[in-house]
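Enquirer: The structure is given below, and queries will be raised subsequently.
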Amino acid sequence: MTSGLRGRLRAALLVAVMLFLAGCSSIPTVGPVGTATPSAGGSNIANQLSYTPPGPADGAGPQEIIEGFITAGVGAGEDYSAAREFLTAELASSWVPGERVVIYGADPNVVPLPEPNAFQIQLEVVASVNAGGIRTSSAPGTTETIQVRLAQQDGEWRISGIPNGVMISDVTFPTVFQAHNLYFYSSTYSYWVPDTRWFIRRSGIAASVVNAMLAGPAPYLQGAVTSAFPAETSLARDAVPVVSGVASVDFSAEVLEDSSDLSRQQMALQLEKNLRQLNNVNSVEMTVNQRPVDLGPENDSLLAVQDDPRVGDTQIAVSGDSLTFFQDRQAVPIENLPDLSEYGPREPAVSADLATIAFLSSDAGTLLVTGPGKDVAPVASGSGLSAPSVDPEGWIWSASDEPSGSKVIAVGPDLKPSGQPGLTPSWLEGMKVKELRISRDGARALLVVEQNGTARVLIAGVVRSSGGTPQTLTAPLEVWTDDPVTTAVWVGETSVAALQKGQDERLTPVILDPTEENRTLAPWDGGFSLSGGDGPEDLFLQTADAIYKKLGNGWIKEIDGLRDPAFPG
């Protein structure tokens with residue numbers, strides 16, 4: 001990037017900060033939905049930043065025009081009017097800025113090509129955001145080349161050819177866009193499942209949220225979650241006015257065709273869940289052609305949907321040749337637990353009600369199930385089984401090494417393994433599953449896989465039958481980290497804690513969340529596994545001799561003599 005482009009970006013950022021501090025920032029009125037700012041919860045309309053980048057200077061050369069266009073990517077006001085000034089009249093009328101947002105790291109290079117009036121923009125791509133607000137992170141070091149053509153218009157150089165979309169630096173991106181979790185129902189309508197999106201910070205964000213919700217979940221969640229709204233549902237007008245804290249969502253009459261009281265109540269509940277995260281929304285009114293929708297009497301089948309389920313403060317761990325609960329730095333014996341010494345238990349997992357316990361045999365070749373007052377039952381066998389995970393529907397998950405890749409195992413509450421042929425998806429071929437942990441809403445699977453010597457972190461949707469039986473895992477979303485990961489656990493509805501293995505072989509904990517930058521914690525020599533509770537601060541690190549708890553960015557000893565700790569799930 002030339003010094004001129006760097007100066008423009010610095011100037012744009014400085015102007016925005018000054019406006020913000022002065023309390024006189026303007027609010028963009030239009031712009032694309034952009035996938036995660038510091039919080040995915042609300043939208044503080046009063047404290048938004050607004051960038052007003054300059055238009056093209058008289059007599060600017062081709063390279064200055066391209067650099068100015070890149071700089072103008074921060075200015076979403078009036079449908080990117082500043083950026084359109086750098087385009088020919090014909091292109092300005094057809095260019096779609098919201099089709100894609102390219103988030104770059106290092107300064108872009110603008111390079112002339114041998115052909116007349118042709119250039120390349122060379123970018124280090126950190127991530128991109130599509131028109132639905134879905135953010136896709138890129139592998140470290142990813143680059144992209146964007147072709148640009150220019151022409152003279154009324155004696156001034158303008159861009160006559162460039163792909164749809166804008167470019168914005170990773171530093172500036174969180175001040176122009178904000179993260180917001182859309183919510184869909186789990187397949188059983190029992191839990192809210194988050195789907196993180198990015199939206200431009202603007203006054204019309206309520207309409208953007210509703211439109212994104214109606215368009216359906218991100219690809220990796222399709223089939224794993226459900227919406228109360230029928231496909232093809234749309235707003236009667238592309239606006240959701242918010243007056244005195246009340247958001248009015250107006251649909252066309254088709255949304256109510258053949259609807260029951262229950263389905264209308266589920267629609268209203270989903271709207272409320274998605275919009276009340278916005279700071280200016282206190283309640284939601286659902287209307288059809290501007291007339292309030294009759295939801296009917298409360299239906300007995302309407303479930304109380306759980307939001308970000310808690311796992312409590314009790315963990316299970318291995319103590320000698322048996323298992324124990326522990327909390328508040330003390331081991332708590334499990335009453336009426338059978339003798340487990342012959343199995344050499346390792347890697348235990350426990351259900352949310354603490355009644356079902358799964359563990360591996362000492363050679364990680366047998367998956368066993370027991371519990372207080374229950375016998376020990378071997379339920380599956382394999383090679384190098386991964387640590388079990390118990391989902392909220394009572395299914396016990398693990399993965400076994402196979403010659404062609406890992407095989408997914410799911411054992412039902414009746415202790416019978418699933419015979420679903422598609423349970424192990426085709427995309428897992430050639431991959432070794434080192435971790436498989438189901439989210440607390442039961443709709444997502446966190447996997448650490450190894451392929452060709454490279455470890456990857458994936459999140460896939462869990463597709464279930466109407467009765468909750470697992471069917472398959474969807475094509476996953478990849479979570480990129482700076483270094484290979486050895487293990488990962490859920491620590492919240494969107495947060496994951498992982499151990500990264502650096503070039504010096506040290507294992508360093510890191511918090512991964514689509515709504516913020518990866519957060520690296522202090523390494524602890526000898527740490528090799530993690531357990532995660534209710535939030536990133538409720539994190540425990542296992543070493544050879546003790547379990548340590550996160551305190552700030554460091555660690556304090558929690559308990560000696562236990563190993564393989566795990567919260568319910």
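Naming works like this for the structure tokens: A, B, ... for the chains as they're shown, residue 1 at the start of each chain, ligands 1 onward in shown order.
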Residues of stretch 316-412 of chain A within 7 Å of stretch 433-457 of chain A: nearest atom pair and distance (Å, one decimal) for each, counting only C-alpha atoms, sorted by chain and number, as JSON lines?

Expert:
{"residue": "A:Ser386", "atom": "CA", "partner": "A:Glu435", "partner_atom": "CA", "distance": 5.8}
{"residue": "A:Ala387", "atom": "CA", "partner": "A:Glu435", "partner_atom": "CA", "distance": 6.7}
{"residue": "A:Ser389", "atom": "CA", "partner": "A:Arg437", "partner_atom": "CA", "distance": 5.4}
{"residue": "A:Asp391", "atom": "CA", "partner": "A:Gly442", "partner_atom": "CA", "distance": 5.6}
{"residue": "A:Pro392", "atom": "CA", "partner": "A:Gly442", "partner_atom": "CA", "distance": 5.8}
{"residue": "A:Ser398", "atom": "CA", "partner": "A:Leu436", "partner_atom": "CA", "distance": 6.3}
{"residue": "A:Ala399", "atom": "CA", "partner": "A:Val433", "partner_atom": "CA", "distance": 6.4}
{"residue": "A:Ser406", "atom": "CA", "partner": "A:Val433", "partner_atom": "CA", "distance": 5.8}

Enquirer: Show which residues sit within 7 Å of A:Ala151, as a PDB file with N, CA, C and O atoms, in the first residue's frame. Count only C-alpha atoms, and ignore same-chain residues fewer than 5 positions away.

Expert:
ATOM      1  N   ASN A 117      -4.570   0.425 -18.657  1.00  0.00           N
ATOM      2  CA  ASN A 117      -5.602   0.780 -17.670  1.00  0.00           C
ATOM      3  C   ASN A 117      -6.055  -0.410 -16.821  1.00  0.00           C
ATOM      4  O   ASN A 117      -7.195  -0.446 -16.352  1.00  0.00           O
ATOM      5  N   TRP A 157     -10.208   9.937 -14.229  1.00  0.00           N
ATOM      6  CA  TRP A 157     -10.101   8.473 -14.134  1.00  0.00           C
ATOM      7  C   TRP A 157     -11.138   7.928 -13.153  1.00  0.00           C
ATOM      8  O   TRP A 157     -11.318   8.469 -12.061  1.00  0.00           O
ATOM      9  N   ARG A 158     -11.807   6.857 -13.580  1.00  0.00           N
ATOM     10  CA  ARG A 158     -12.763   6.178 -12.709  1.00  0.00           C
ATOM     11  C   ARG A 158     -12.652   4.663 -12.940  1.00  0.00           C
ATOM     12  O   ARG A 158     -12.214   4.208 -14.010  1.00  0.00           O
ATOM     13  N   ILE A 159     -13.055   3.891 -11.964  1.00  0.00           N
ATOM     14  CA  ILE A 159     -13.019   2.429 -12.072  1.00  0.00           C
ATOM     15  C   ILE A 159     -14.188   1.966 -12.922  1.00  0.00           C
ATOM     16  O   ILE A 159     -15.353   2.252 -12.608  1.00  0.00           O
ATOM     17  N   SER A 160     -13.889   1.214 -13.981  1.00  0.00           N
ATOM     18  CA  SER A 160     -14.948   0.728 -14.871  1.00  0.00           C
ATOM     19  C   SER A 160     -15.214  -0.762 -14.700  1.00  0.00           C
ATOM     20  O   SER A 160     -16.226  -1.275 -15.194  1.00  0.00           O
TER      21      SER A 160
END

Enquirer: Excluding same-chain residues fewer than 3 positions from A:Val350, what lies within 7 Å of it counting only C-alpha atoms, as a list in words?

Expert: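 My reading of the contact set: Ile316, Leu354, Thr356, Ile357, Ala358, Val390, Pro568 and Gly569 of chain A.
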
Enquirer: Put those residues in a file: all heavy atoms, as a JSON list (two decimals), in the first residue's frame.

Expert:
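Written out: result14.json:
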[["chain", "number", "residue", "atom", "x", "y", "z"],
["A", 316, "ILE", "N", -16.76, -34.08, 36.87],
["A", 316, "ILE", "CA", -16.40, -35.46, 37.14],
["A", 316, "ILE", "C", -14.94, -35.65, 36.76],
["A", 316, "ILE", "O", -14.43, -34.97, 35.87],
["A", 316, "ILE", "CB", -17.31, -36.44, 36.37],
["A", 316, "ILE", "CG1", -17.12, -37.87, 36.89],
["A", 316, "ILE", "CG2", -17.07, -36.35, 34.86],
["A", 316, "ILE", "CD1", -18.16, -38.84, 36.40],
["A", 354, "LEU", "N", -26.34, -35.52, 36.26],
["A", 354, "LEU", "CA", -25.32, -36.28, 36.99],
["A", 354, "LEU", "C", -25.71, -37.75, 37.21],
["A", 354, "LEU", "O", -25.10, -38.44, 38.03],
["A", 354, "LEU", "CB", -25.01, -35.63, 38.35],
["A", 354, "LEU", "CG", -24.64, -34.14, 38.32],
["A", 354, "LEU", "CD1", -24.33, -33.65, 39.74],
["A", 354, "LEU", "CD2", -23.47, -33.89, 37.40],
["A", 356, "THR", "N", -26.05, -40.17, 34.59],
["A", 356, "THR", "CA", -25.44, -41.08, 33.62],
["A", 356, "THR", "C", -23.97, -40.70, 33.44],
["A", 356, "THR", "O", -23.65, -39.54, 33.18],
["A", 356, "THR", "CB", -26.16, -40.99, 32.27],
["A", 356, "THR", "OG1", -27.54, -41.39, 32.44],
["A", 356, "THR", "CG2", -25.50, -41.92, 31.25],
["A", 357, "ILE", "N", -23.12, -41.70, 33.58],
["A", 357, "ILE", "CA", -21.68, -41.48, 33.47],
["A", 357, "ILE", "C", -21.13, -42.38, 32.37],
["A", 357, "ILE", "O", -21.41, -43.59, 32.35],
["A", 357, "ILE", "CB", -20.97, -41.78, 34.80],
["A", 357, "ILE", "CG1", -21.44, -40.81, 35.89],
["A", 357, "ILE", "CG2", -19.45, -41.70, 34.64],
["A", 357, "ILE", "CD1", -20.97, -41.18, 37.29],
["A", 358, "ALA", "N", -20.37, -41.80, 31.47],
["A", 358, "ALA", "CA", -19.70, -42.57, 30.42],
["A", 358, "ALA", "C", -18.19, -42.42, 30.62],
["A", 358, "ALA", "O", -17.72, -41.38, 31.08],
["A", 358, "ALA", "CB", -20.10, -42.07, 29.04],
["A", 390, "VAL", "N", -21.82, -36.43, 26.48],
["A", 390, "VAL", "CA", -23.23, -36.77, 26.69],
["A", 390, "VAL", "C", -24.08, -35.56, 26.31],
["A", 390, "VAL", "O", -23.96, -34.48, 26.90],
["A", 390, "VAL", "CB", -23.50, -37.16, 28.15],
["A", 390, "VAL", "CG1", -24.95, -37.63, 28.32],
["A", 390, "VAL", "CG2", -22.53, -38.24, 28.62],
["A", 568, "PRO", "N", -20.46, -31.42, 32.96],
["A", 568, "PRO", "CA", -21.52, -32.16, 32.27],
["A", 568, "PRO", "C", -21.59, -31.81, 30.79],
["A", 568, "PRO", "O", -21.44, -30.66, 30.39],
["A", 568, "PRO", "CB", -22.79, -31.73, 33.01],
["A", 568, "PRO", "CG", -22.31, -31.41, 34.40],
["A", 568, "PRO", "CD", -20.96, -30.78, 34.19],
["A", 569, "GLY", "N", -21.83, -32.84, 29.98],
["A", 569, "GLY", "CA", -21.96, -32.62, 28.54],
["A", 569, "GLY", "C", -20.96, -33.43, 27.75],
["A", 569, "GLY", "O", -20.17, -34.18, 28.26]]

Enquirer: Among the residues of stretch 214-349 of chain A, find those DSSP assigns to strand (DSSP E or B) from the backbone and print them as a PyMOL selection string.

Expert: chain A and resi 222+225-226+235+242-243+246-251+283-288+291-292+306+315-319+322-327+330-332+346-349

Enquirer: Using 9 Å as the limit and counting only C-alpha atoms, can you tabulate each residue of stretch 516-538 of chain A that touches stretch 500-512 of chain A, with its shortest atom-to-atom distance in Å and the two atoms involved, as JSON lines?

Expert:
{"residue": "A:Glu516", "atom": "CA", "partner": "A:Leu512", "partner_atom": "CA", "distance": 7.9}
{"residue": "A:Glu517", "atom": "CA", "partner": "A:Leu512", "partner_atom": "CA", "distance": 7.5}
{"residue": "A:Asn518", "atom": "CA", "partner": "A:Leu512", "partner_atom": "CA", "distance": 5.0}
{"residue": "A:Arg519", "atom": "CA", "partner": "A:Ile511", "partner_atom": "CA", "distance": 5.0}
{"residue": "A:Thr520", "atom": "CA", "partner": "A:Val510", "partner_atom": "CA", "distance": 4.3}
{"residue": "A:Leu521", "atom": "CA", "partner": "A:Pro509", "partner_atom": "CA", "distance": 5.4}
{"residue": "A:Ala522", "atom": "CA", "partner": "A:Thr508", "partner_atom": "CA", "distance": 6.8}
{"residue": "A:Pro523", "atom": "CA", "partner": "A:Thr508", "partner_atom": "CA", "distance": 4.5}
{"residue": "A:Trp524", "atom": "CA", "partner": "A:Thr508", "partner_atom": "CA", "distance": 7.2}
{"residue": "A:Asp525", "atom": "CA", "partner": "A:Arg506", "partner_atom": "CA", "distance": 7.0}
{"residue": "A:Gly526", "atom": "CA", "partner": "A:Leu507", "partner_atom": "CA", "distance": 8.0}
{"residue": "A:Gly527", "atom": "CA", "partner": "A:Leu507", "partner_atom": "CA", "distance": 6.7}
{"residue": "A:Phe528", "atom": "CA", "partner": "A:Leu507", "partner_atom": "CA", "distance": 7.0}
{"residue": "A:Leu530", "atom": "CA", "partner": "A:Pro509", "partner_atom": "CA", "distance": 8.5}
{"residue": "A:Pro536", "atom": "CA", "partner": "A:Ile511", "partner_atom": "CA", "distance": 7.0}

Enquirer: Based on the backbone DSSP call, show me all residues of stretch 338-443 of chain A assigned helix (DSSP H, G or I), as an MDAnalysis selection string.

Expert: chainID A and resid 341:343 426:428

Enquirer: Any chance you could export the current selection's N, CA, C and O atoms as a short mmCIF file (atom, residue, chain, number, x, y, z; two decimals), in the first residue's frame?

Expert:
data_model
loop_
_atom_site.label_atom_id
_atom_site.label_comp_id
_atom_site.auth_asym_id
_atom_site.auth_seq_id
_atom_site.Cartn_x
_atom_site.Cartn_y
_atom_site.Cartn_z
N SER A 341 -12.52 -50.58 39.22
CA SER A 341 -11.07 -50.78 39.19
C SER A 341 -10.64 -51.69 38.04
O SER A 341 -9.54 -51.52 37.49
N GLU A 342 -11.45 -52.65 37.65
CA GLU A 342 -11.04 -53.57 36.58
C GLU A 342 -10.98 -52.90 35.21
O GLU A 342 -10.34 -53.41 34.28
N TYR A 343 -11.61 -51.74 35.09
CA TYR A 343 -11.65 -51.06 33.79
C TYR A 343 -10.56 -50.00 33.63
O TYR A 343 -10.28 -49.57 32.51
N SER A 426 -19.52 -38.26 5.01
CA SER A 426 -18.48 -38.53 4.03
C SER A 426 -17.31 -37.56 4.15
O SER A 426 -16.17 -37.90 3.83
N TRP A 427 -17.56 -36.33 4.62
CA TRP A 427 -16.48 -35.35 4.71
C TRP A 427 -15.43 -35.73 5.77
O TRP A 427 -14.33 -35.16 5.78
N LEU A 428 -15.75 -36.69 6.64
CA LEU A 428 -14.78 -37.12 7.65
C LEU A 428 -13.77 -38.12 7.10
O LEU A 428 -12.82 -38.49 7.80
#

Enquirer: What's the 7 Å shell around A:Ala206, counting only C-alpha atoms, without same-chain residues fewer than 3 positions away, as a ChimeraX atom specification?

Expert: /A:209-210,240,275

Enquirer: Residues near A:Leu562, anyone? I mean within 10 Å using only C-alpha atoms, not counting same-chain ones fewer than 6 positions away, as an NGL selection string.

Expert: :A and (316-320 or 323-326 or 331 or 542-547)

Enquirer: Now that the selection is made, can you save its residues with all heavy atoms as an mmCIF file, in the first residue's frame?

Expert:
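Final output, saved to out.cif:
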data_model
loop_
_atom_site.group_PDB
_atom_site.id
_atom_site.type_symbol
_atom_site.label_atom_id
_atom_site.label_comp_id
_atom_site.auth_asym_id
_atom_site.auth_seq_id
_atom_site.Cartn_x
_atom_site.Cartn_y
_atom_site.Cartn_z
ATOM 1 N N ILE A 316 -16.756 -34.077 36.870
ATOM 2 C CA ILE A 316 -16.403 -35.465 37.144
ATOM 3 C C ILE A 316 -14.940 -35.647 36.764
ATOM 4 O O ILE A 316 -14.431 -34.968 35.867
ATOM 5 C CB ILE A 316 -17.307 -36.443 36.370
ATOM 6 C CG1 ILE A 316 -17.121 -37.869 36.891
ATOM 7 C CG2 ILE A 316 -17.073 -36.348 34.857
ATOM 8 C CD1 ILE A 316 -18.163 -38.840 36.396
ATOM 9 N N ALA A 317 -14.242 -36.523 37.481
ATOM 10 C CA ALA A 317 -12.820 -36.730 37.216
ATOM 11 C C ALA A 317 -12.437 -38.140 37.645
ATOM 12 O O ALA A 317 -13.191 -38.842 38.337
ATOM 13 C CB ALA A 317 -11.980 -35.699 37.976
ATOM 14 N N VAL A 318 -11.245 -38.561 37.218
ATOM 15 C CA VAL A 318 -10.704 -39.855 37.611
ATOM 16 C C VAL A 318 -9.917 -39.688 38.908
ATOM 17 O O VAL A 318 -9.099 -38.766 39.036
ATOM 18 C CB VAL A 318 -9.793 -40.419 36.508
ATOM 19 C CG1 VAL A 318 -9.151 -41.733 36.966
ATOM 20 C CG2 VAL A 318 -10.580 -40.633 35.222
ATOM 21 N N SER A 319 -10.183 -40.572 39.838
ATOM 22 C CA SER A 319 -9.450 -40.589 41.104
ATOM 23 C C SER A 319 -8.948 -42.009 41.321
ATOM 24 O O SER A 319 -9.732 -42.915 41.639
ATOM 25 C CB SER A 319 -10.364 -40.174 42.265
ATOM 26 O OG SER A 319 -9.690 -40.295 43.504
ATOM 27 N N GLY A 320 -7.662 -42.246 41.088
ATOM 28 C CA GLY A 320 -7.115 -43.596 41.193
ATOM 29 C C GLY A 320 -7.737 -44.500 40.149
ATOM 30 O O GLY A 320 -7.679 -44.222 38.952
ATOM 31 N N LEU A 323 -13.983 -43.065 39.921
ATOM 32 C CA LEU A 323 -14.411 -41.740 39.484
ATOM 33 C C LEU A 323 -14.946 -40.968 40.677
ATOM 34 O O LEU A 323 -15.432 -41.551 41.650
ATOM 35 C CB LEU A 323 -15.498 -41.848 38.413
ATOM 36 C CG LEU A 323 -15.135 -42.600 37.133
ATOM 37 C CD1 LEU A 323 -16.346 -42.719 36.222
ATOM 38 C CD2 LEU A 323 -13.997 -41.893 36.398
ATOM 39 N N THR A 324 -14.864 -39.660 40.606
ATOM 40 C CA THR A 324 -15.360 -38.803 41.670
ATOM 41 C C THR A 324 -15.901 -37.512 41.078
ATOM 42 O O THR A 324 -15.513 -37.114 39.976
ATOM 43 C CB THR A 324 -14.245 -38.474 42.684
ATOM 44 O OG1 THR A 324 -14.788 -37.747 43.789
ATOM 45 C CG2 THR A 324 -13.153 -37.626 42.045
ATOM 46 N N PHE A 325 -16.838 -36.891 41.776
ATOM 47 C CA PHE A 325 -17.199 -35.529 41.469
ATOM 48 C C PHE A 325 -16.228 -34.614 42.194
ATOM 49 O O PHE A 325 -15.620 -35.011 43.203
ATOM 50 C CB PHE A 325 -18.622 -35.211 41.932
ATOM 51 C CG PHE A 325 -19.693 -35.953 41.176
ATOM 52 C CD1 PHE A 325 -20.789 -36.503 41.843
ATOM 53 C CD2 PHE A 325 -19.630 -36.081 39.803
ATOM 54 C CE1 PHE A 325 -21.780 -37.169 41.154
ATOM 55 C CE2 PHE A 325 -20.621 -36.746 39.099
ATOM 56 C CZ PHE A 325 -21.696 -37.298 39.776
ATOM 57 N N PHE A 326 -16.075 -33.400 41.695
ATOM 58 C CA PHE A 326 -15.352 -32.419 42.501
ATOM 59 C C PHE A 326 -15.874 -31.030 42.213
ATOM 60 O O PHE A 326 -16.301 -30.709 41.102
ATOM 61 C CB PHE A 326 -13.834 -32.531 42.293
ATOM 62 C CG PHE A 326 -13.261 -31.731 41.169
ATOM 63 C CD1 PHE A 326 -12.842 -30.417 41.366
ATOM 64 C CD2 PHE A 326 -13.106 -32.294 39.911
ATOM 65 C CE1 PHE A 326 -12.292 -29.688 40.339
ATOM 66 C CE2 PHE A 326 -12.558 -31.566 38.874
ATOM 67 C CZ PHE A 326 -12.145 -30.258 39.084
ATOM 68 N N ALA A 331 -12.897 -33.039 46.400
ATOM 69 C CA ALA A 331 -13.475 -34.230 45.783
ATOM 70 C C ALA A 331 -14.727 -34.618 46.543
ATOM 71 O O ALA A 331 -14.744 -34.602 47.784
ATOM 72 C CB ALA A 331 -12.471 -35.367 45.788
ATOM 73 N N GLN A 542 -5.496 -29.139 33.029
ATOM 74 C CA GLN A 542 -4.956 -30.375 33.614
ATOM 75 C C GLN A 542 -3.450 -30.452 33.373
ATOM 76 O O GLN A 542 -2.974 -30.236 32.257
ATOM 77 C CB GLN A 542 -5.632 -31.579 32.970
ATOM 78 C CG GLN A 542 -4.998 -32.918 33.292
ATOM 79 C CD GLN A 542 -5.412 -33.458 34.642
ATOM 80 O OE1 GLN A 542 -6.574 -33.767 34.844
ATOM 81 N NE2 GLN A 542 -4.472 -33.545 35.572
ATOM 82 N N THR A 543 -2.714 -30.751 34.448
ATOM 83 C CA THR A 543 -1.293 -31.077 34.322
ATOM 84 C C THR A 543 -1.090 -32.499 34.855
ATOM 85 O O THR A 543 -2.048 -33.158 35.279
ATOM 86 C CB THR A 543 -0.414 -30.101 35.114
ATOM 87 O OG1 THR A 543 -0.597 -30.315 36.520
ATOM 88 C CG2 THR A 543 -0.751 -28.649 34.772
ATOM 89 N N ALA A 544 0.141 -32.960 34.854
ATOM 90 C CA ALA A 544 0.409 -34.325 35.300
ATOM 91 C C ALA A 544 0.121 -34.530 36.782
ATOM 92 O O ALA A 544 -0.182 -35.649 37.206
ATOM 93 C CB ALA A 544 1.862 -34.688 34.993
ATOM 94 N N ASP A 545 0.176 -33.459 37.567
ATOM 95 C CA ASP A 545 0.030 -33.638 39.020
ATOM 96 C C ASP A 545 -1.146 -32.901 39.637
ATOM 97 O O ASP A 545 -1.474 -33.128 40.804
ATOM 98 C CB ASP A 545 1.318 -33.188 39.728
ATOM 99 C CG ASP A 545 1.637 -31.713 39.474
ATOM 100 O OD1 ASP A 545 1.019 -31.130 38.574
ATOM 101 O OD2 ASP A 545 2.494 -31.166 40.193
ATOM 102 N N ALA A 546 -1.804 -32.011 38.896
ATOM 103 C CA ALA A 546 -2.878 -31.228 39.517
ATOM 104 C C ALA A 546 -3.787 -30.632 38.448
ATOM 105 O O ALA A 546 -3.490 -30.677 37.252
ATOM 106 C CB ALA A 546 -2.286 -30.107 40.387
ATOM 107 N N ILE A 547 -4.896 -30.084 38.930
ATOM 108 C CA ILE A 547 -5.824 -29.344 38.081
ATOM 109 C C ILE A 547 -5.764 -27.885 38.517
ATOM 110 O O ILE A 547 -5.840 -27.572 39.711
ATOM 111 C CB ILE A 547 -7.260 -29.886 38.216
ATOM 112 C CG1 ILE A 547 -7.322 -31.339 37.733
ATOM 113 C CG2 ILE A 547 -8.246 -29.024 37.429
ATOM 114 C CD1 ILE A 547 -8.650 -32.020 38.012
#

Enquirer: Which of these, A:Gln178, A:Gln222, A:Ser190, A:Thr172, has the shortest distance to A:Val74 once you count only C-alpha atoms?

Expert: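 The shortest atom-to-atom distance to A:Val74 comes from A:Thr172.
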
Enquirer: So, counting only C-alpha atoms, which residue among A:Glu285, A:Glu272, A:Asp58, A:Glu298 is closest to A:Val242?

Expert: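 Among the listed residues, the smallest separation from A:Val242 belongs to A:Glu285.
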
Enquirer: Find the residues near A:Phe173: any atom within 12 Å, counting only C-alpha atoms, skip ones fewer than 2 places away on the same chain, and give them as a PyMOL selection string.

Expert: chain A and resi 13+34-38+49+51+73-76+101-105+126-129+135+166-171+175-179+198-201+516-517

Enquirer: Pick out the closest residue to A:Thr188 from this set: A:Arg464, A:Arg310, A:Lys432, A:Arg291. Count only C-alpha atoms.

Expert: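 For A:Thr188, the nearest of the given residues is A:Arg464.
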
Enquirer: Given the choices A:Thr287, A:Asn279, A:Gln420, A:Asn130, which gets closest to A:Leu235 if the distance is worked out from only C-alpha atoms?

Expert: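 Of the candidates, the smallest distance to A:Leu235 is held by A:Thr287.
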
Enquirer: For A:Val243, work out the shell of residues within 10 Å, counting only C-alpha atoms and skipping chain neighbours fewer than 3 positions away, then give it as a list in words.

Expert: Val240, Val246, Ala247, Ser248, Asn280, Val281 and Asn282 of chain A

Enquirer: Could you tell me how far atom CA of A:Val489 sits from atom CA of A:Ala566, in Å to one decimal place?

Expert: 9.3 Å

Enquirer: Go through A:Phe119, A:Tyr80, A:Trp480, A:Trp397 one by one, measure the shortest atom-to-atom distance of each to A:Glu67 using only C-alpha atoms, and give the residue with the smallest value.

Expert: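 Smallest separation from A:Glu67 among the options: A:Phe119.
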
Enquirer: Smallest atom-to-atom distance to A:Leu182: which of A:Ile162, A:Arg276, A:Val249, A:Glu85, using only C-alpha atoms?

Expert: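 Counting only C-alpha atoms, the residue closest to A:Leu182 is A:Arg276.
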